[in-house]
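K.L.:
You'll find data.txt just under this line, and it carries compact mmCIF, N, CA and C atoms.
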```txt
# COMPACT_ATOMS: atom_id res chain seq x y z
N MET A 1 -33.42 44.88 61.43
CA MET A 1 -33.52 44.81 60.02
C MET A 1 -32.33 45.47 59.35
N THR A 2 -31.85 46.55 59.94
CA THR A 2 -30.67 47.20 59.39
C THR A 2 -29.46 46.28 59.47
N GLN A 3 -29.49 45.47 60.48
CA GLN A 3 -28.37 44.54 60.61
C GLN A 3 -28.42 43.52 59.47
N GLN A 4 -29.60 43.11 59.12
CA GLN A 4 -29.76 42.17 58.01
C GLN A 4 -29.34 42.81 56.69
N SER A 5 -29.77 44.06 56.47
CA SER A 5 -29.42 44.72 55.21
C SER A 5 -27.93 45.01 55.16
N THR A 6 -27.33 45.29 56.32
CA THR A 6 -25.89 45.50 56.36
C THR A 6 -25.18 44.19 56.05
N GLY A 7 -25.68 43.11 56.61
CA GLY A 7 -25.10 41.79 56.33
C GLY A 7 -25.23 41.42 54.85
N ILE A 8 -26.38 41.75 54.27
CA ILE A 8 -26.60 41.46 52.85
C ILE A 8 -25.65 42.29 52.00
N GLN A 9 -25.50 43.56 52.41
CA GLN A 9 -24.59 44.45 51.69
C GLN A 9 -23.17 43.91 51.75
N GLN A 10 -22.78 43.44 52.90
CA GLN A 10 -21.42 42.88 53.06
C GLN A 10 -21.26 41.62 52.21
N LEU A 11 -22.30 40.80 52.20
CA LEU A 11 -22.25 39.60 51.36
C LEU A 11 -22.14 39.96 49.87
N LEU A 12 -22.88 40.97 49.45
CA LEU A 12 -22.81 41.38 48.05
C LEU A 12 -21.43 41.93 47.70
N VAL A 13 -20.86 42.71 48.63
CA VAL A 13 -19.51 43.27 48.40
C VAL A 13 -18.50 42.13 48.36
N ALA A 14 -18.64 41.18 49.27
CA ALA A 14 -17.70 40.04 49.31
C ALA A 14 -17.85 39.20 48.04
N GLU A 15 -19.09 39.01 47.61
CA GLU A 15 -19.32 38.24 46.39
C GLU A 15 -18.70 38.95 45.18
N LYS A 16 -18.84 40.28 45.14
CA LYS A 16 -18.27 41.04 44.04
C LYS A 16 -16.75 40.93 44.04
N ARG A 17 -16.14 41.04 45.24
CA ARG A 17 -14.67 40.92 45.35
C ARG A 17 -14.22 39.51 44.94
N ALA A 18 -14.95 38.52 45.37
CA ALA A 18 -14.61 37.13 45.02
C ALA A 18 -14.72 36.94 43.50
N SER A 19 -15.76 37.50 42.91
CA SER A 19 -15.93 37.41 41.47
C SER A 19 -14.77 38.09 40.74
N GLU A 20 -14.35 39.25 41.26
CA GLU A 20 -13.21 39.95 40.64
C GLU A 20 -11.93 39.13 40.77
N LYS A 21 -11.74 38.53 41.94
CA LYS A 21 -10.54 37.71 42.15
C LYS A 21 -10.54 36.50 41.21
N VAL A 22 -11.70 35.86 41.05
CA VAL A 22 -11.80 34.71 40.15
C VAL A 22 -11.51 35.16 38.71
N SER A 23 -12.06 36.33 38.35
CA SER A 23 -11.84 36.87 37.02
C SER A 23 -10.36 37.17 36.79
N GLU A 24 -9.71 37.78 37.78
CA GLU A 24 -8.27 38.07 37.69
C GLU A 24 -7.46 36.78 37.59
N ALA A 25 -7.87 35.78 38.38
CA ALA A 25 -7.16 34.50 38.36
C ALA A 25 -7.29 33.85 36.97
N ARG A 26 -8.48 33.94 36.39
CA ARG A 26 -8.68 33.38 35.04
C ARG A 26 -7.82 34.12 34.02
N LYS A 27 -7.75 35.45 34.14
CA LYS A 27 -6.93 36.24 33.23
C LYS A 27 -5.45 35.85 33.37
N ARG A 28 -4.99 35.70 34.63
CA ARG A 28 -3.60 35.30 34.85
C ARG A 28 -3.33 33.91 34.28
N LYS A 29 -4.30 33.00 34.47
CA LYS A 29 -4.16 31.63 33.95
C LYS A 29 -4.07 31.66 32.43
N THR A 30 -4.96 32.44 31.79
CA THR A 30 -4.95 32.54 30.33
C THR A 30 -3.63 33.13 29.85
N LYS A 31 -3.17 34.16 30.56
CA LYS A 31 -1.91 34.80 30.19
C LYS A 31 -0.74 33.82 30.32
N LYS A 32 -0.72 33.06 31.42
CA LYS A 32 0.36 32.09 31.64
C LYS A 32 0.30 30.97 30.60
N LEU A 33 -0.90 30.52 30.27
CA LEU A 33 -1.04 29.49 29.24
C LEU A 33 -0.53 29.98 27.88
N LYS A 34 -0.87 31.21 27.56
CA LYS A 34 -0.41 31.79 26.30
C LYS A 34 1.10 31.94 26.30
N GLN A 35 1.64 32.39 27.42
CA GLN A 35 3.08 32.54 27.53
C GLN A 35 3.78 31.18 27.42
N ALA A 36 3.23 30.16 28.06
CA ALA A 36 3.80 28.82 27.99
C ALA A 36 3.73 28.29 26.56
N LYS A 37 2.63 28.55 25.89
CA LYS A 37 2.48 28.11 24.52
C LYS A 37 3.50 28.79 23.61
N ASP A 38 3.70 30.09 23.80
CA ASP A 38 4.69 30.82 23.02
C ASP A 38 6.10 30.29 23.27
N GLU A 39 6.42 30.03 24.54
CA GLU A 39 7.74 29.50 24.88
C GLU A 39 7.93 28.11 24.28
N ALA A 40 6.89 27.30 24.34
CA ALA A 40 6.97 25.96 23.75
C ALA A 40 7.17 26.05 22.24
N GLN A 41 6.48 26.97 21.60
CA GLN A 41 6.63 27.16 20.16
C GLN A 41 8.05 27.59 19.82
N GLN A 42 8.62 28.48 20.63
CA GLN A 42 10.00 28.91 20.41
C GLN A 42 10.96 27.74 20.57
N GLU A 43 10.73 26.92 21.59
CA GLU A 43 11.59 25.75 21.80
C GLU A 43 11.48 24.79 20.62
N ILE A 44 10.27 24.61 20.12
CA ILE A 44 10.07 23.73 18.97
C ILE A 44 10.82 24.26 17.75
N GLU A 45 10.70 25.56 17.51
CA GLU A 45 11.39 26.18 16.37
C GLU A 45 12.90 26.03 16.52
N GLN A 46 13.40 26.26 17.74
CA GLN A 46 14.84 26.13 17.99
C GLN A 46 15.30 24.69 17.77
N TYR A 47 14.54 23.74 18.31
CA TYR A 47 14.88 22.32 18.15
C TYR A 47 14.87 21.93 16.67
N LYS A 48 13.86 22.41 15.96
CA LYS A 48 13.73 22.11 14.54
C LYS A 48 14.93 22.68 13.77
N ALA A 49 15.31 23.91 14.07
CA ALA A 49 16.46 24.54 13.40
C ALA A 49 17.74 23.77 13.70
N ASP A 50 17.92 23.34 14.96
CA ASP A 50 19.11 22.58 15.33
C ASP A 50 19.15 21.25 14.58
N ARG A 51 18.04 20.55 14.53
CA ARG A 51 18.00 19.26 13.83
C ARG A 51 18.24 19.44 12.33
N GLU A 52 17.70 20.49 11.76
CA GLU A 52 17.91 20.77 10.34
C GLU A 52 19.39 21.05 10.08
N ARG A 53 20.01 21.82 10.95
CA ARG A 53 21.44 22.12 10.81
C ARG A 53 22.26 20.84 10.92
N GLN A 54 21.92 19.98 11.91
CA GLN A 54 22.64 18.72 12.08
C GLN A 54 22.47 17.83 10.85
N TYR A 55 21.27 17.81 10.29
CA TYR A 55 21.02 17.00 9.10
C TYR A 55 21.85 17.50 7.92
N LYS A 56 21.90 18.82 7.74
CA LYS A 56 22.69 19.39 6.64
C LYS A 56 24.16 19.03 6.81
N GLU A 57 24.67 19.13 8.04
CA GLU A 57 26.07 18.77 8.29
C GLU A 57 26.30 17.29 7.98
N TYR A 58 25.39 16.44 8.41
CA TYR A 58 25.51 15.00 8.14
C TYR A 58 25.47 14.73 6.64
N GLU A 59 24.56 15.41 5.95
CA GLU A 59 24.42 15.23 4.51
C GLU A 59 25.70 15.63 3.79
N ILE A 60 26.27 16.75 4.16
CA ILE A 60 27.50 17.21 3.52
C ILE A 60 28.65 16.26 3.85
N LYS A 61 28.71 15.82 5.10
CA LYS A 61 29.81 14.95 5.53
C LYS A 61 29.75 13.59 4.84
N HIS A 62 28.56 13.00 4.74
CA HIS A 62 28.46 11.63 4.24
C HIS A 62 28.10 11.52 2.76
N MET A 63 27.38 12.48 2.23
CA MET A 63 26.95 12.37 0.85
C MET A 63 27.56 13.43 -0.05
N GLY A 64 28.17 14.43 0.49
CA GLY A 64 28.71 15.51 -0.32
C GLY A 64 27.64 16.53 -0.62
N SER A 65 28.08 17.63 -1.18
CA SER A 65 27.11 18.68 -1.48
C SER A 65 26.48 18.43 -2.85
N LYS A 66 25.47 19.19 -3.18
CA LYS A 66 24.78 19.03 -4.46
C LYS A 66 25.72 19.38 -5.61
N ASP A 67 26.59 20.36 -5.41
CA ASP A 67 27.53 20.73 -6.45
C ASP A 67 28.47 19.57 -6.76
N ASP A 68 28.95 18.89 -5.70
CA ASP A 68 29.83 17.74 -5.90
C ASP A 68 29.12 16.64 -6.68
N LEU A 69 27.86 16.38 -6.33
CA LEU A 69 27.10 15.36 -7.04
C LEU A 69 26.89 15.74 -8.50
N CYS A 70 26.59 16.99 -8.75
CA CYS A 70 26.38 17.45 -10.13
C CYS A 70 27.67 17.30 -10.94
N LYS A 71 28.80 17.67 -10.34
CA LYS A 71 30.08 17.54 -11.03
C LYS A 71 30.39 16.07 -11.33
N LYS A 72 30.11 15.20 -10.37
CA LYS A 72 30.37 13.77 -10.57
C LYS A 72 29.49 13.22 -11.68
N ILE A 73 28.22 13.58 -11.69
CA ILE A 73 27.30 13.11 -12.73
C ILE A 73 27.73 13.64 -14.09
N ASP A 74 28.12 14.92 -14.16
CA ASP A 74 28.58 15.48 -15.43
C ASP A 74 29.83 14.76 -15.93
N GLY A 75 30.76 14.47 -15.04
CA GLY A 75 31.97 13.76 -15.42
C GLY A 75 31.67 12.37 -15.94
N ASP A 76 30.79 11.64 -15.23
CA ASP A 76 30.40 10.30 -15.69
C ASP A 76 29.72 10.35 -17.05
N THR A 77 28.88 11.34 -17.25
CA THR A 77 28.17 11.50 -18.53
C THR A 77 29.17 11.76 -19.65
N GLN A 78 30.13 12.61 -19.40
CA GLN A 78 31.14 12.91 -20.43
C GLN A 78 31.94 11.66 -20.79
N LEU A 79 32.31 10.87 -19.76
CA LEU A 79 33.07 9.63 -20.02
C LEU A 79 32.24 8.66 -20.86
N LYS A 80 30.98 8.51 -20.53
CA LYS A 80 30.12 7.61 -21.31
C LYS A 80 29.95 8.11 -22.74
N LYS A 81 29.80 9.41 -22.89
CA LYS A 81 29.65 9.99 -24.23
C LYS A 81 30.90 9.76 -25.06
N ILE A 82 32.07 9.93 -24.47
CA ILE A 82 33.32 9.69 -25.18
C ILE A 82 33.42 8.22 -25.59
N GLY A 83 33.02 7.32 -24.69
CA GLY A 83 33.04 5.89 -25.02
C GLY A 83 32.11 5.55 -26.17
N ILE A 84 30.93 6.12 -26.16
CA ILE A 84 29.96 5.87 -27.24
C ILE A 84 30.48 6.43 -28.55
N ASP A 85 31.04 7.64 -28.53
CA ASP A 85 31.61 8.24 -29.75
C ASP A 85 32.73 7.35 -30.31
N ARG A 86 33.55 6.82 -29.43
CA ARG A 86 34.65 5.96 -29.85
C ARG A 86 34.10 4.69 -30.51
N MET A 87 33.07 4.09 -29.91
CA MET A 87 32.46 2.89 -30.50
C MET A 87 31.84 3.19 -31.85
N VAL A 88 31.18 4.35 -31.99
CA VAL A 88 30.57 4.73 -33.26
C VAL A 88 31.64 4.88 -34.33
N ASN A 89 32.72 5.58 -33.99
CA ASN A 89 33.79 5.77 -34.98
C ASN A 89 34.45 4.45 -35.37
N THR A 90 34.56 3.53 -34.41
CA THR A 90 35.18 2.24 -34.70
C THR A 90 34.31 1.38 -35.60
N ASN A 91 33.02 1.36 -35.36
CA ASN A 91 32.12 0.44 -36.07
C ASN A 91 31.34 1.07 -37.21
N LYS A 92 31.49 2.36 -37.43
CA LYS A 92 30.69 3.06 -38.44
C LYS A 92 30.90 2.47 -39.83
N ASP A 93 32.12 2.29 -40.25
CA ASP A 93 32.40 1.80 -41.60
C ASP A 93 31.86 0.38 -41.80
N ASP A 94 32.02 -0.48 -40.78
CA ASP A 94 31.52 -1.84 -40.89
C ASP A 94 30.00 -1.88 -41.02
N VAL A 95 29.33 -1.06 -40.24
CA VAL A 95 27.86 -1.04 -40.27
C VAL A 95 27.37 -0.50 -41.61
N ILE A 96 28.01 0.54 -42.11
CA ILE A 96 27.60 1.11 -43.41
C ILE A 96 27.79 0.08 -44.52
N SER A 97 28.95 -0.61 -44.53
CA SER A 97 29.18 -1.60 -45.58
C SER A 97 28.20 -2.77 -45.45
N LEU A 98 27.86 -3.19 -44.21
CA LEU A 98 26.88 -4.25 -44.02
C LEU A 98 25.51 -3.85 -44.56
N LEU A 99 25.10 -2.62 -44.26
CA LEU A 99 23.81 -2.14 -44.76
C LEU A 99 23.80 -2.06 -46.29
N LEU A 100 24.87 -1.57 -46.85
CA LEU A 100 24.93 -1.47 -48.31
C LEU A 100 24.92 -2.86 -48.95
N ASP A 101 25.61 -3.81 -48.35
CA ASP A 101 25.59 -5.18 -48.88
C ASP A 101 24.18 -5.74 -48.86
N LEU A 102 23.45 -5.50 -47.77
CA LEU A 102 22.08 -5.99 -47.68
C LEU A 102 21.18 -5.32 -48.71
N VAL A 103 21.39 -4.05 -48.97
CA VAL A 103 20.56 -3.33 -49.93
C VAL A 103 20.88 -3.77 -51.35
N TYR A 104 22.17 -3.98 -51.67
CA TYR A 104 22.58 -4.33 -53.04
C TYR A 104 22.36 -5.81 -53.34
N ASP A 105 22.27 -6.66 -52.34
CA ASP A 105 22.13 -8.10 -52.56
C ASP A 105 20.65 -8.43 -52.79
N ILE A 106 20.23 -8.33 -54.01
CA ILE A 106 18.83 -8.56 -54.38
C ILE A 106 18.70 -9.97 -54.93
N LYS A 107 17.82 -10.74 -54.39
CA LYS A 107 17.56 -12.10 -54.84
C LYS A 107 16.10 -12.18 -55.26
N PRO A 108 15.84 -12.11 -56.55
CA PRO A 108 14.45 -12.17 -56.99
C PRO A 108 13.85 -13.55 -56.75
N GLU A 109 12.72 -13.57 -56.09
CA GLU A 109 12.03 -14.82 -55.80
C GLU A 109 10.54 -14.61 -56.05
N VAL A 110 9.89 -15.69 -56.38
CA VAL A 110 8.45 -15.64 -56.58
C VAL A 110 7.80 -15.65 -55.20
N HIS A 111 6.81 -14.82 -55.07
CA HIS A 111 6.13 -14.72 -53.78
C HIS A 111 5.39 -16.01 -53.48
N GLN A 112 5.26 -16.38 -52.22
CA GLN A 112 4.65 -17.64 -51.83
C GLN A 112 3.18 -17.72 -52.17
N ASN A 113 2.52 -16.59 -52.32
CA ASN A 113 1.11 -16.59 -52.67
C ASN A 113 0.86 -16.61 -54.19
N PHE A 114 1.89 -16.59 -54.96
CA PHE A 114 1.74 -16.59 -56.42
C PHE A 114 1.23 -17.94 -56.88
N ARG A 115 0.17 -17.88 -57.70
CA ARG A 115 -0.41 -19.12 -58.25
C ARG A 115 -0.11 -19.16 -59.74
N SER A 116 0.47 -20.23 -60.17
CA SER A 116 0.84 -20.35 -61.58
C SER A 116 -0.28 -21.01 -62.41
N ASP A 117 -1.32 -21.48 -61.79
CA ASP A 117 -2.39 -22.18 -62.50
C ASP A 117 -3.37 -21.22 -63.17
N ILE A 118 -3.20 -19.95 -62.98
CA ILE A 118 -4.08 -18.98 -63.62
C ILE A 118 -3.67 -18.90 -65.10
N LYS A 119 -4.69 -19.04 -65.96
CA LYS A 119 -4.43 -19.03 -67.40
C LYS A 119 -4.55 -17.60 -67.91
N PRO A 120 -3.61 -17.23 -68.72
CA PRO A 120 -3.72 -15.89 -69.29
C PRO A 120 -4.84 -15.81 -70.30
N GLU A 121 -5.43 -14.67 -70.42
CA GLU A 121 -6.52 -14.46 -71.38
C GLU A 121 -5.97 -14.32 -72.77
N GLU A 122 -6.68 -14.87 -73.72
CA GLU A 122 -6.22 -14.82 -75.10
C GLU A 122 -7.00 -13.90 -75.92
```
As a first step, turn the structure in this file into structure tokens.
P.N.:
Amino acid sequence: MTQQSTGIQQLLVAEKRASEKVSEARKRKTKKLKQAKDEAQQEIEQYKADRERQYKEYEIKHMGSKDDLCKKIDGDTQLKKIGIDRMVNTNKDDVISLLLDLVYDIKPEVHQNFRSDIKPEE
């Protein structure tokens, strides 16, 4: 009987050691997974930063910077404004005289709804 209890004791000790080993293996697996995830996240961040840098370089090379675009737009706006001012100064007198002619040219006419058959009261 002592041999049986010794065997049972050994089995319990072996089971406990096996359980500890499985637990340690799970901890190592979890740790490695977390480490791999962190490394992958770092690689993603690095790749993203590289692509962003490449895009900025491409944008500057092919489209110019925002300052260049703003300067170009401002220059175009100034040119258009100068052109409009020039047209206003050229045509201002003609437009004013045309408007005044239309205002001063009064042609009295009887309205189309006026009825002449109405007899005045006496």
K.L.:
Between atom CA of Tyr58 of chain A and atom CA of Glu39 of chain A, what is the spacing in Å?
P.N.:
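Interatomic distance here is 28.4 Å.
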K.L.:
Would you please extract all alpha helix (DSSP H) residues from chain A, as assigned by DSSP on the backbone, and give them as an MDAnalysis selection string?
P.N.:
chainID A and resid 2:63 66:104
K.L.:
Do you have the atom CA of Asp105 of chain A-atom N of Asp93 of chain A distance handy?
P.N.:
19.0 Å
